[in-house]
Each structure stands twice: as C-alpha cells, then as structure tokens.
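Worksheet: one structure, shown below.
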Amino acid sequence: MTSTDFFKRVLDLVLSLVLLLIFILPVIILLIIVRLTSKGPAIHWSKRIGLNNEIFLMPKIRTMHADTPQVATDLLFSSSNKYLTPVGKFMRKTSCDELPQIWSVLIGDMSIVGPRPALFNQYHLIDLRTKQMVHTLKPGITGWAQVNGRDICTDQQKVDLDEYYLKNKSIYLDLKILVLTAVHVLKSTNVTH
C-alpha cells in the first residue's frame, strides 16, 4: 500500500464516520418515509462491480418501485418517472439515496472518491474500464466523472474521466472532487430521473 493509498483510506474512514454521525437520523427518517409510501424494502442492495471487477452489494435508499428493471438510469430515462416512488424524485435530485453507501466505505468495498460502481450488467462500461485499467480503482460514492457530467456522459466519456482520475489520483484531487460534489449536489446538476 502506497502512502497515498494509506492516507486515502484514513480519509475515507474519518469522513465516513463524520458523515454517519451527521446523517444517521435523516437516513432513518427517509427509510421510514420510503416504507410508508411504497411497497418493498427501504434499502435496495444493488449488485455492483467493485475493485478488480469483483461483485459486491451496494446499499441505496430505494427510490424506484420494487419491480423496476436493474439497468442504468440513462437507459430508463424516457420512462423512469413511472418507476419512481412518491419520494424517489426528491431523493435522486438531492442524492439522499446514496447516503447508505457510507456503510460500503466503512467496510472497504468503496471509497468516498473513485469511479462510480457499474451495475453488474453494464457490460460495455465494465469492458471499457477494464481495457483502460480503471477496474484497478476502488469505486467511489463520487468521482471525477460525477463532477464532470454525471448521468449525461456516454460510457466512453465516463471511462476517459475515470482514467484521468487513475493517472492523476491524489489527496488534493480527492478534496477538489469533494468540494465540486457538494456544489453539484446543492445545484442538482446533471441528474437524470
């Protein structure tokens, strides 16, 4: 483990513990609201591609009905609103649904900053990431692609941005991404529903 990797893990643990303390009550409230407004579990465990293309289960607050197909949001864009729960649009717009991923950071499946983990069936994206060695990065809650286009990027654009992060990763770049993420979340920038 390099010194950058060590400091990144320390930063992940510290930030995730702080975020857990800040958001535990709002998450509990959101989970209750989801259970009261739609059928199904409040947490959706999504099969995702992690470090070195290993599959892991990533928690999200469920924003869509339980029978929604497991495909990337951009593939549902024309009909995604019909799948959203009553509070789903709000949670996706504010990225509240991502908060349970703090757990994935704590247990080491994810990092705060890294490429967003692909769904297990996003074969084209997985193949592109593998060819450009992006699969050697631990996936993140936010990343360089998220602050430079997010849902409006093509798979190739995402991978190019992820490759830039791979080649330039540093604590400074992670901090820059965190600041830009906060700005984008507050403005609800580049979010498809």
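Ordering of the structure tokens sets the chain letters (A, B, ...); residue numbers start at 1 within each chain; ligands are numbered from 1 in the order shown.
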#### Entry: All residues 7 Å or closer to Asn52 in chain A, only C-alpha atoms, same chain fewer than 2 positions away omitted, as a ChimeraX atom specification
/A:50,54,135-136
So that I have them on file, write out the residues from the current selection with C-alpha atoms, as a PDB file, in the first residue's frame.
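In the end it all went to result-v5.pdb:
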ATOM      1  CA  GLY A  50     -16.008  -3.244  -7.386  1.00  0.00           C
ATOM      2  CA  GLU A  54     -15.368  -8.207  -8.093  1.00  0.00           C
ATOM      3  CA  HIS A 135     -11.098  -1.528 -12.720  1.00  0.00           C
ATOM      4  CA  THR A 136      -7.937  -1.324 -10.562  1.00  0.00           C
TER       5      THR A 136
END
### Query
What's the 9 Å shell around range 43-45 of chain A, counting only C-alpha atoms, without same-chain residues fewer than 6 positions away, as a ChimeraX atom specification?
/A:31,34,57-63,66,100
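In this model, the gap between CA of Met91 in chain A and CA of Met64 in chain A comes to 10.3 Å.
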### Query
Quick one: DSSP strand (DSSP E) residues in chain A, as number ranges by chain?
A: 43-49, 55-61, 111-113, 140-142
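If you measure from each of A:His124, A:Lys167, A:Lys93, A:Lys82 to Trp144 in chain A using only C-alpha atoms, the closest one turns out to be A:Lys167.
CA of Met110 in chain A sits 17.7 Å away from CA of Val147 in chain A.
Non-sequential neighbours of Ser188 in chain A (distance at most 9 Å, separation of 2 or more positions within a chain, only C-alpha atoms) are Arg92, Lys93, Thr94, Ser95, Val183, His184, Val185, Leu186, Asn190 and Val191 of chain A.
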### All residues 7 Å or closer to range 152-163 of chain A, only C-alpha atoms, same chain fewer than 6 positions away omitted, as a ChimeraX atom specification
/A:115,125,128-129,132,134,144-145,190
Hey, can you spit out that residue selection with N, CA and C atoms as a short mmCIF file (atom, residue, chain, number, x, y, z; two decimals), in the first residue's frame?
data_model
loop_
_atom_site.label_atom_id
_atom_site.label_comp_id
_atom_site.auth_asym_id
_atom_site.auth_seq_id
_atom_site.Cartn_x
_atom_site.Cartn_y
_atom_site.Cartn_z
N PRO A 115 -14.29 5.94 -9.19
CA PRO A 115 -15.30 5.77 -10.24
C PRO A 115 -16.59 5.21 -9.65
N LEU A 125 -19.65 -0.79 -20.27
CA LEU A 125 -18.89 0.07 -19.35
C LEU A 125 -17.80 -0.72 -18.64
N LEU A 128 -14.96 -1.40 -21.12
CA LEU A 128 -14.15 -0.20 -21.36
C LEU A 128 -13.25 0.12 -20.17
N ARG A 129 -13.79 0.00 -18.97
CA ARG A 129 -12.99 0.28 -17.76
C ARG A 129 -11.84 -0.71 -17.62
N GLN A 132 -9.00 0.14 -19.96
CA GLN A 132 -8.26 1.34 -19.58
C GLN A 132 -7.77 1.28 -18.12
N VAL A 134 -9.19 1.06 -15.35
CA VAL A 134 -9.98 1.75 -14.33
C VAL A 134 -10.48 0.76 -13.28
N TRP A 144 -14.53 11.80 -10.39
CA TRP A 144 -14.21 12.82 -11.38
C TRP A 144 -15.28 12.88 -12.47
N ALA A 145 -15.80 11.72 -12.87
CA ALA A 145 -16.86 11.70 -13.89
C ALA A 145 -18.15 12.33 -13.35
N ASN A 190 -26.84 17.91 -13.52
CA ASN A 190 -26.66 16.72 -14.38
C ASN A 190 -27.25 15.45 -13.79
#
### Task
Mind listing the alpha helix (DSSP H) residues of range 6-184 of chain A, per DSSP on the backbone, as a ChimeraX atom specification?
/A:6-37,80-83,88-94,101-106,123-131,155-168,171-184
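The smallest atom-to-atom distance between Tyr123 in chain A and any of A:Ser104, A:Arg48, A:Lys176, A:Asp151, using only C-alpha atoms, is found for A:Arg48.
When only C-alpha atoms are used to compute distances to Ser170 in chain A, the closest of the residues A:Arg150, A:Phe90, A:Lys39, A:Thr4 turns out to be A:Thr4.
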### Task
Go through A:Lys47, A:Gly88, A:Asn121, A:Leu11 and flag the residue nearest Leu178 in chain A, using only C-alpha atoms for the distances.
A:Leu11
